[in-house]
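Pasted below: work03.pdb, PDB, N, CA and C atoms.
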ATOM      1  N   MET M   1      31.771  29.416  17.362
ATOM      2  CA  MET M   1      32.179  30.492  16.491
ATOM      3  C   MET M   1      31.643  31.793  17.057
ATOM      4  N   LYS M   2      32.471  32.788  17.105
ATOM      5  CA  LYS M   2      32.084  34.089  17.616
ATOM      6  C   LYS M   2      31.555  34.960  16.488
ATOM      7  N   ILE M   3      30.776  35.939  16.850
ATOM      8  CA  ILE M   3      30.231  36.854  15.860
ATOM      9  C   ILE M   3      31.372  37.618  15.210
ATOM     10  N   GLY M   4      31.366  37.689  13.892
ATOM     11  CA  GLY M   4      32.387  38.408  13.160
ATOM     12  C   GLY M   4      33.603  37.564  12.834
ATOM     13  N   GLN M   5      33.704  36.373  13.411
ATOM     14  CA  GLN M   5      34.836  35.490  13.148
ATOM     15  C   GLN M   5      34.519  34.640  11.922
ATOM     16  N   LYS M   6      35.498  34.433  11.068
ATOM     17  CA  LYS M   6      35.280  33.621   9.878
ATOM     18  C   LYS M   6      35.287  32.148  10.255
ATOM     19  N   PRO M   7      34.384  31.353   9.674
ATOM     20  CA  PRO M   7      34.355  29.924   9.971
ATOM     21  C   PRO M   7      35.590  29.226   9.417
ATOM     22  N   GLU M   8      35.997  28.163  10.116
ATOM     23  CA  GLU M   8      37.196  27.438   9.719
ATOM     24  C   GLU M   8      36.879  26.220   8.863
ATOM     25  N   LEU M   9      35.664  25.682   8.982
ATOM     26  CA  LEU M   9      35.301  24.461   8.287
ATOM     27  C   LEU M   9      34.556  24.772   6.995
ATOM     28  N   PRO M  10      34.782  23.986   5.947
ATOM     29  CA  PRO M  10      34.052  24.208   4.689
ATOM     30  C   PRO M  10      32.549  24.078   4.874
ATOM     31  N   GLY M  11      32.093  23.159   5.727
ATOM     32  CA  GLY M  11      30.661  23.002   5.991
ATOM     33  C   GLY M  11      30.079  24.241   6.625
ATOM     34  N   ALA M  12      30.855  24.870   7.471
ATOM     35  CA  ALA M  12      30.391  26.088   8.121
ATOM     36  C   ALA M  12      30.237  27.207   7.100
ATOM     37  N   LEU M  13      31.114  27.226   6.096
ATOM     38  CA  LEU M  13      30.982  28.229   5.043
ATOM     39  C   LEU M  13      29.667  28.074   4.300
ATOM     40  N   ALA M  14      29.292  26.837   4.021
ATOM     41  CA  ALA M  14      28.032  26.594   3.314
ATOM     42  C   ALA M  14      26.855  27.028   4.165
ATOM     43  N   GLN M  15      26.934  26.772   5.473
ATOM     44  CA  GLN M  15      25.835  27.147   6.357
ATOM     45  C   GLN M  15      25.698  28.654   6.447
ATOM     46  N   THR M  16      26.818  29.381   6.539
ATOM     47  CA  THR M  16      26.718  30.832   6.609
ATOM     48  C   THR M  16      26.182  31.394   5.306
ATOM     49  N   GLY M  17      26.505  30.771   4.184
ATOM     50  CA  GLY M  17      25.968  31.209   2.899
ATOM     51  C   GLY M  17      24.474  31.022   2.841
ATOM     52  N   LEU M  18      23.987  29.907   3.392
ATOM     53  CA  LEU M  18      22.546  29.668   3.424
ATOM     54  C   LEU M  18      21.862  30.660   4.338
ATOM     55  N   ALA M  19      22.495  30.999   5.448
ATOM     56  CA  ALA M  19      21.898  31.957   6.374
ATOM     57  C   ALA M  19      21.788  33.322   5.717
ATOM     58  N   LYS M  20      22.809  33.720   4.932
ATOM     59  CA  LYS M  20      22.754  35.005   4.247
ATOM     60  C   LYS M  20      21.630  35.017   3.219
ATOM     61  N   GLN M  21      21.437  33.881   2.520
ATOM     62  CA  GLN M  21      20.387  33.805   1.519
ATOM     63  C   GLN M  21      19.017  33.885   2.159
ATOM     64  N   ALA M  22      18.858  33.372   3.362
ATOM     65  CA  ALA M  22      17.562  33.353   4.031
ATOM     66  C   ALA M  22      17.123  34.740   4.461
ATOM     67  N   LYS M  23      18.038  35.719   4.497
ATOM     68  CA  LYS M  23      17.683  37.056   4.942
ATOM     69  C   LYS M  23      16.700  37.732   3.998
ATOM     70  N   SER M  24      16.867  37.545   2.697
ATOM     71  CA  SER M  24      15.948  38.164   1.756
ATOM     72  C   SER M  24      15.390  37.098   0.827
ATOM     73  N   PRO M  25      14.067  37.120   0.596
ATOM     74  CA  PRO M  25      13.450  36.106  -0.257
ATOM     75  C   PRO M  25      14.002  36.112  -1.681
ATOM     76  N   ALA M  26      14.339  37.280  -2.207
ATOM     77  CA  ALA M  26      14.840  37.350  -3.572
ATOM     78  C   ALA M  26      16.172  36.622  -3.691
ATOM     79  N   SER M  27      17.066  36.873  -2.735
ATOM     80  CA  SER M  27      18.366  36.208  -2.810
ATOM     81  C   SER M  27      18.222  34.721  -2.526
ATOM     82  N   ALA M  28      17.260  34.331  -1.709
ATOM     83  CA  ALA M  28      17.030  32.908  -1.438
ATOM     84  C   ALA M  28      16.543  32.217  -2.709
ATOM     85  N   ALA M  29      15.676  32.888  -3.471
ATOM     86  CA  ALA M  29      15.177  32.308  -4.716
ATOM     87  C   ALA M  29      16.302  32.184  -5.732
ATOM     88  N   GLU M  30      17.168  33.198  -5.789
ATOM     89  CA  GLU M  30      18.304  33.132  -6.701
ATOM     90  C   GLU M  30      19.239  31.995  -6.311
ATOM     91  N   GLY M  31      19.460  31.833  -5.002
ATOM     92  CA  GLY M  31      20.327  30.756  -4.523
ATOM     93  C   GLY M  31      19.754  29.397  -4.854
ATOM     94  N   ALA M  32      18.439  29.255  -4.724
ATOM     95  CA  ALA M  32      17.795  27.983  -5.056
ATOM     96  C   ALA M  32      17.932  27.696  -6.546
ATOM     97  N   ALA M  33      17.803  28.735  -7.363
ATOM     98  CA  ALA M  33      17.951  28.547  -8.807
ATOM     99  C   ALA M  33      19.378  28.138  -9.150
ATOM    100  N   LYS M  34      20.364  28.751  -8.471
ATOM    101  CA  LYS M  34      21.763  28.386  -8.707
ATOM    102  C   LYS M  34      22.015  26.951  -8.280
ATOM    103  N   ASP M  35      21.444  26.551  -7.113
ATOM    104  CA  ASP M  35      21.608  25.177  -6.641
ATOM    105  C   ASP M  35      21.009  24.187  -7.631
ATOM    106  N   ALA M  36      19.831  24.509  -8.167
ATOM    107  CA  ALA M  36      19.178  23.628  -9.132
ATOM    108  C   ALA M  36      20.009  23.522 -10.401
ATOM    109  N   ALA M  37      20.580  24.636 -10.821
ATOM    110  CA  ALA M  37      21.423  24.616 -12.016
ATOM    111  C   ALA M  37      22.666  23.782 -11.772
ATOM    112  N   ALA M  38      23.234  23.886 -10.576
ATOM    113  CA  ALA M  38      24.433  23.108 -10.253
ATOM    114  C   ALA M  38      24.124  21.628 -10.260
ATOM    115  N   VAL M  39      22.956  21.260  -9.749
ATOM    116  CA  VAL M  39      22.578  19.852  -9.728
ATOM    117  C   VAL M  39      22.350  19.336 -11.136
ATOM    118  N   SER M  40      21.691  20.128 -11.972
ATOM    119  CA  SER M  40      21.381  19.657 -13.321
ATOM    120  C   SER M  40      22.621  19.573 -14.193
ATOM    121  N   THR M  41      23.633  20.381 -13.924
ATOM    122  CA  THR M  41      24.850  20.337 -14.725
ATOM    123  C   THR M  41      25.889  19.391 -14.159
ATOM    124  N   ALA M  42      25.602  18.802 -13.004
ATOM    125  CA  ALA M  42      26.575  17.917 -12.380
ATOM    126  C   ALA M  42      26.780  16.664 -13.211
ATOM    127  N   GLY M  43      25.765  16.201 -13.930
ATOM    128  CA  GLY M  43      25.890  15.048 -14.793
ATOM    129  C   GLY M  43      25.966  13.726 -14.053
ATOM    130  N   VAL M  44      25.385  13.679 -12.869
ATOM    131  CA  VAL M  44      25.393  12.447 -12.094
ATOM    132  C   VAL M  44      24.212  11.599 -12.540
ATOM    133  N   PRO M  45      24.465  10.372 -13.026
ATOM    134  CA  PRO M  45      23.354   9.532 -13.465
ATOM    135  C   PRO M  45      22.532   9.028 -12.289
ATOM    136  N   VAL M  46      21.237   9.042 -12.450
ATOM    137  CA  VAL M  46      20.322   8.590 -11.412
ATOM    138  C   VAL M  46      19.428   7.519 -12.004
ATOM    139  N   THR M  47      19.272   6.420 -11.265
ATOM    140  CA  THR M  47      18.356   5.367 -11.695
ATOM    141  C   THR M  47      17.282   5.195 -10.644
ATOM    142  N   VAL M  48      16.084   4.968 -11.110
ATOM    143  CA  VAL M  48      14.942   4.795 -10.227
ATOM    144  C   VAL M  48      14.443   3.359 -10.394
ATOM    145  N   SER M  49      14.250   2.684  -9.266
ATOM    146  CA  SER M  49      13.828   1.286  -9.339
ATOM    147  C   SER M  49      12.388   1.182  -9.845
ATOM    148  N   THR M  50      12.028   0.013 -10.308
ATOM    149  CA  THR M  50      10.667  -0.202 -10.793
ATOM    150  C   THR M  50       9.668  -0.085  -9.655
ATOM    151  N   ALA M  51      10.076  -0.462  -8.455
ATOM    152  CA  ALA M  51       9.180  -0.321  -7.294
ATOM    153  C   ALA M  51       8.886   1.151  -7.024
ATOM    154  N   ALA M  52       9.905   2.002  -7.130
ATOM    155  CA  ALA M  52       9.709   3.433  -6.914
ATOM    156  C   ALA M  52       8.812   4.024  -7.991
ATOM    157  N   ARG M  53       8.993   3.569  -9.227
ATOM    158  CA  ARG M  53       8.130   4.047 -10.313
ATOM    159  C   ARG M  53       6.683   3.649 -10.079
ATOM    160  N   ALA M  54       6.478   2.428  -9.591
ATOM    161  CA  ALA M  54       5.117   1.969  -9.325
ATOM    162  C   ALA M  54       4.484   2.796  -8.209
ATOM    163  N   LEU M  55       5.265   3.124  -7.186
ATOM    164  CA  LEU M  55       4.740   3.959  -6.092
ATOM    165  C   LEU M  55       4.365   5.338  -6.596
ATOM    166  N   GLU M  56       5.189   5.893  -7.477
ATOM    167  CA  GLU M  56       4.905   7.218  -8.007
ATOM    168  C   GLU M  56       3.602   7.213  -8.798
ATOM    169  N   GLN M  57       3.413   6.209  -9.628
ATOM    170  CA  GLN M  57       2.192   6.121 -10.428
ATOM    171  C   GLN M  57       0.970   5.945  -9.536
ATOM    172  N   THR M  58       1.097   5.147  -8.491
ATOM    173  CA  THR M  58      -0.018   4.922  -7.579
ATOM    174  C   THR M  58      -0.380   6.191  -6.843
ATOM    175  N   SER M  59       0.636   6.926  -6.376
ATOM    176  CA  SER M  59       0.360   8.135  -5.616
ATOM    177  C   SER M  59      -0.243   9.226  -6.485
ATOM    178  N   ARG M  60       0.114   9.242  -7.750
ATOM    179  CA  ARG M  60      -0.446  10.264  -8.645
ATOM    180  C   ARG M  60      -1.879   9.949  -9.049
ATOM    181  N   SER M  61      -2.225   8.682  -9.090
ATOM    182  CA  SER M  61      -3.567   8.330  -9.544
ATOM    183  C   SER M  61      -4.607   8.470  -8.437
ATOM    184  N   THR M  62      -4.196   8.336  -7.189
ATOM    185  CA  THR M  62      -5.141   8.472  -6.083
ATOM    186  C   THR M  62      -4.980   9.840  -5.443
ATOM    187  N   GLY M  63      -6.100  10.448  -5.096
ATOM    188  CA  GLY M  63      -6.055  11.749  -4.456
ATOM    189  C   GLY M  63      -5.685  11.621  -2.985
ATOM    190  N   ASP M  64      -4.996  12.628  -2.478
ATOM    191  CA  ASP M  64      -4.623  12.615  -1.079
ATOM    192  C   ASP M  64      -5.788  13.033  -0.175
ATOM    193  N   PHE M  65      -6.743  13.727  -0.743
ATOM    194  CA  PHE M  65      -7.880  14.175   0.051
ATOM    195  C   PHE M  65      -9.111  14.278  -0.835
ATOM    196  N   ASP M  66     -10.254  14.338  -0.183
ATOM    197  CA  ASP M  66     -11.524  14.461  -0.890
ATOM    198  C   ASP M  66     -11.894  15.946  -0.919
ATOM    199  N   ALA M  67     -11.763  16.573  -2.071
ATOM    200  CA  ALA M  67     -11.988  18.011  -2.206
ATOM    201  C   ALA M  67     -13.412  18.403  -1.824
ATOM    202  N   SER M  68     -14.383  17.564  -2.158
ATOM    203  CA  SER M  68     -15.765  17.913  -1.822
ATOM    204  C   SER M  68     -15.988  17.873  -0.310
ATOM    205  N   LYS M  69     -15.332  16.948   0.380
ATOM    206  CA  LYS M  69     -15.460  16.879   1.840
ATOM    207  C   LYS M  69     -14.802  18.107   2.482
ATOM    208  N   VAL M  70     -13.647  18.505   1.958
ATOM    209  CA  VAL M  70     -12.969  19.699   2.474
ATOM    210  C   VAL M  70     -13.857  20.920   2.282
ATOM    211  N   LYS M  71     -14.485  21.019   1.120
ATOM    212  CA  LYS M  71     -15.372  22.149   0.829
ATOM    213  C   LYS M  71     -16.564  22.170   1.794
ATOM    214  N   ALA M  72     -17.125  20.983   2.082
ATOM    215  CA  ALA M  72     -18.267  20.897   2.997
ATOM    216  C   ALA M  72     -17.858  21.273   4.417
ATOM    217  N   VAL M  73     -16.695  20.826   4.853
ATOM    218  CA  VAL M  73     -16.221  21.167   6.205
ATOM    219  C   VAL M  73     -15.952  22.659   6.299
ATOM    220  N   ARG M  74     -15.326  23.223   5.263
ATOM    221  CA  ARG M  74     -15.049  24.664   5.265
ATOM    222  C   ARG M  74     -16.347  25.463   5.353
ATOM    223  N   ALA M  75     -17.357  25.037   4.602
ATOM    224  CA  ALA M  75     -18.648  25.737   4.633
ATOM    225  C   ALA M  75     -19.286  25.626   6.010
ATOM    226  N   ALA M  76     -19.203  24.442   6.632
ATOM    227  CA  ALA M  76     -19.776  24.257   7.965
ATOM    228  C   ALA M  76     -19.059  25.116   8.999
ATOM    229  N   ILE M  77     -17.739  25.250   8.873
ATOM    230  CA  ILE M  77     -16.985  26.103   9.798
ATOM    231  C   ILE M  77     -17.406  27.554   9.628
ATOM    232  N   GLU M  78     -17.534  28.000   8.376
ATOM    233  CA  GLU M  78     -17.938  29.382   8.113
ATOM    234  C   GLU M  78     -19.335  29.671   8.657
ATOM    235  N   LYS M  79     -20.240  28.685   8.566
ATOM    236  CA  LYS M  79     -21.596  28.859   9.066
ATOM    237  C   LYS M  79     -21.677  28.716  10.582
ATOM    238  N   GLY M  80     -20.636  28.119  11.167
ATOM    239  CA  GLY M  80     -20.646  27.902  12.610
ATOM    240  C   GLY M  80     -21.375  26.634  13.008
ATOM    241  N   THR M  81     -21.608  25.742  12.064
ATOM    242  CA  THR M  81     -22.346  24.509  12.354
ATOM    243  C   THR M  81     -21.449  23.281  12.457
ATOM    244  N   PHE M  82     -20.146  23.463  12.275
ATOM    245  CA  PHE M  82     -19.224  22.332  12.338
ATOM    246  C   PHE M  82     -19.031  21.906  13.788
ATOM    247  N   SER M  83     -19.164  20.604  14.022
ATOM    248  CA  SER M  83     -18.935  20.093  15.375
ATOM    249  C   SER M  83     -17.902  18.979  15.325
ATOM    250  N   VAL M  84     -17.104  18.910  16.364
ATOM    251  CA  VAL M  84     -16.044  17.923  16.450
ATOM    252  C   VAL M  84     -16.535  16.763  17.306
ATOM    253  N   ASP M  85     -16.345  15.544  16.805
ATOM    254  CA  ASP M  85     -16.704  14.345  17.557
ATOM    255  C   ASP M  85     -15.485  13.910  18.354
ATOM    256  N   ALA M  86     -15.413  14.372  19.602
ATOM    257  CA  ALA M  86     -14.252  14.111  20.444
ATOM    258  C   ALA M  86     -14.053  12.621  20.691
ATOM    259  N   GLU M  87     -15.122  11.866  20.808
ATOM    260  CA  GLU M  87     -15.014  10.431  21.057
ATOM    261  C   GLU M  87     -14.383   9.714  19.865
ATOM    262  N   ALA M  88     -14.776  10.091  18.649
ATOM    263  CA  ALA M  88     -14.202   9.473  17.456
ATOM    264  C   ALA M  88     -12.715   9.806  17.335
ATOM    265  N   ILE M  89     -12.352  11.034  17.666
ATOM    266  CA  ILE M  89     -10.947  11.439  17.615
ATOM    267  C   ILE M  89     -10.137  10.662  18.645
ATOM    268  N   ALA M  90     -10.658  10.543  19.854
ATOM    269  CA  ALA M  90      -9.965   9.803  20.909
ATOM    270  C   ALA M  90      -9.794   8.337  20.523
ATOM    271  N   ASP M  91     -10.835   7.740  19.963
ATOM    272  CA  ASP M  91     -10.745   6.336  19.536
ATOM    273  C   ASP M  91      -9.669   6.159  18.464
ATOM    274  N   LYS M  92      -9.612   7.068  17.510
ATOM    275  CA  LYS M  92      -8.618   6.973  16.440
ATOM    276  C   LYS M  92      -7.210   7.171  16.990
ATOM    277  N   MET M  93      -7.045   8.094  17.914
ATOM    278  CA  MET M  93      -5.733   8.314  18.523
ATOM    279  C   MET M  93      -5.271   7.073  19.278
ATOM    280  N   LEU M  94      -6.176   6.434  19.989
ATOM    281  CA  LEU M  94      -5.823   5.217  20.724
ATOM    282  C   LEU M  94      -5.454   4.077  19.775
ATOM    283  N   SER M  95      -6.202   3.930  18.703
ATOM    284  CA  SER M  95      -5.891   2.853  17.761
ATOM    285  C   SER M  95      -4.564   3.115  17.059
ATOM    286  N   ASN M  96      -4.261   4.383  16.752
ATOM    287  CA  ASN M  96      -2.972   4.712  16.147
ATOM    288  C   ASN M  96      -1.827   4.429  17.115
ATOM    289  N   ALA M  97      -2.021   4.761  18.388
ATOM    290  CA  ALA M  97      -0.984   4.494  19.392
ATOM    291  C   ALA M  97      -0.755   3.000  19.546
ATOM    292  N   GLN M  98      -1.831   2.225  19.534
ATOM    293  CA  GLN M  98      -1.694   0.772  19.638
ATOM    294  C   GLN M  98      -0.954   0.205  18.422
ATOM    295  N   GLU M  99      -1.233   0.745  17.250
ATOM    296  CA  GLU M  99      -0.575   0.293  16.032
ATOM    297  C   GLU M  99       0.924   0.602  16.085
ATOM    298  N   ILE M 100       1.266   1.796  16.543
ATOM    299  CA  ILE M 100       2.677   2.192  16.646
ATOM    300  C   ILE M 100       3.402   1.295  17.649
ATOM    301  N   LEU M 101       2.764   1.025  18.783
ATOM    302  CA  LEU M 101       3.387   0.151  19.787
ATOM    303  C   LEU M 101       3.565  -1.261  19.261
ATOM    304  N   ALA M 102       2.591  -1.754  18.527
ATOM    305  CA  ALA M 102       2.690  -3.104  17.972
ATOM    306  C   ALA M 102       3.827  -3.191  16.961
ATOM    307  N   ARG M 103       4.028  -2.154  16.168
ATOM    308  CA  ARG M 103       5.116  -2.147  15.195
ATOM    309  C   ARG M 103       6.480  -2.087  15.882
ATOM    310  N   SER M 104       6.558  -1.290  16.955
ATOM    311  CA  SER M 104       7.851  -1.123  17.625
ATOM    312  C   SER M 104       8.262  -2.385  18.372
ATOM    313  N   ARG M 105       7.303  -3.195  18.772
ATOM    314  CA  ARG M 105       7.614  -4.439  19.480
ATOM    315  C   ARG M 105       8.049  -5.528  18.518
ATOM    316  N   GLY M 106       7.734  -5.328  17.260
ATOM    317  CA  GLY M 106       8.204  -6.265  16.234
ATOM    318  C   GLY M 106       7.267  -7.323  15.975
TER     319      GLY M 106
END
Would you give me this structure, written as C-alpha cells?
Amino acid sequence: MKIGQKPELPGALAQTGLAKQAKSPASAAEGAAKDAAAVSTAGVPVTVSTAARALEQTSRSTGDFDASKVKAVRAAIEKGTFSVDAEAIADKMLSNAQEILARSRG
C-alpha cells in the first residue's frame, strides 16, 4: 500500500484505524472504551471451564512475588551494597535450558 492510497481490504481498514488511534493517547483511550462497549453489547455467551476457574482462584491466592524481598533488594541497590551472584545465575540458566530441551524432545 502506498502512502495516501486507501486500503482495499477490510482488515487493512481496521489496522489503519488502530494506527490513527495510537497517535494520541486520548483517542486511543476513547477507542479502547468503544471496543470494550462493543464487546459487552455483542451478547456473545462465554463459558469458563471448572479447570480455568480453579486456576484463577489459585493464581489469586498466591502472590507472584515477595514484596519484602523486593523492598530489601531495592534498598540494597540504593545503598550500593547489592551484589549479583553470577554463578547462581549461570547455574539457573543452564538448568532452565536443560528443562526446555528435555520438554522439546518429548
Task: For atom CA of Phe82 of chain M and atom CA of Asp66 of chain M, the interatomic separation in Å (one decimal) - done: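 Distance reported for this atom pair: 17.2 Å.
Reported to one decimal place, the separation of atom CA of Asp91 of chain M from atom CA of Ser68 of chain M is 24.8 Å.
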Task: Interatomic distance (Å, one decimal) between atom N of Lys71 of chain M and atom CA of Glu87 of chain M - done: 22.6 Å
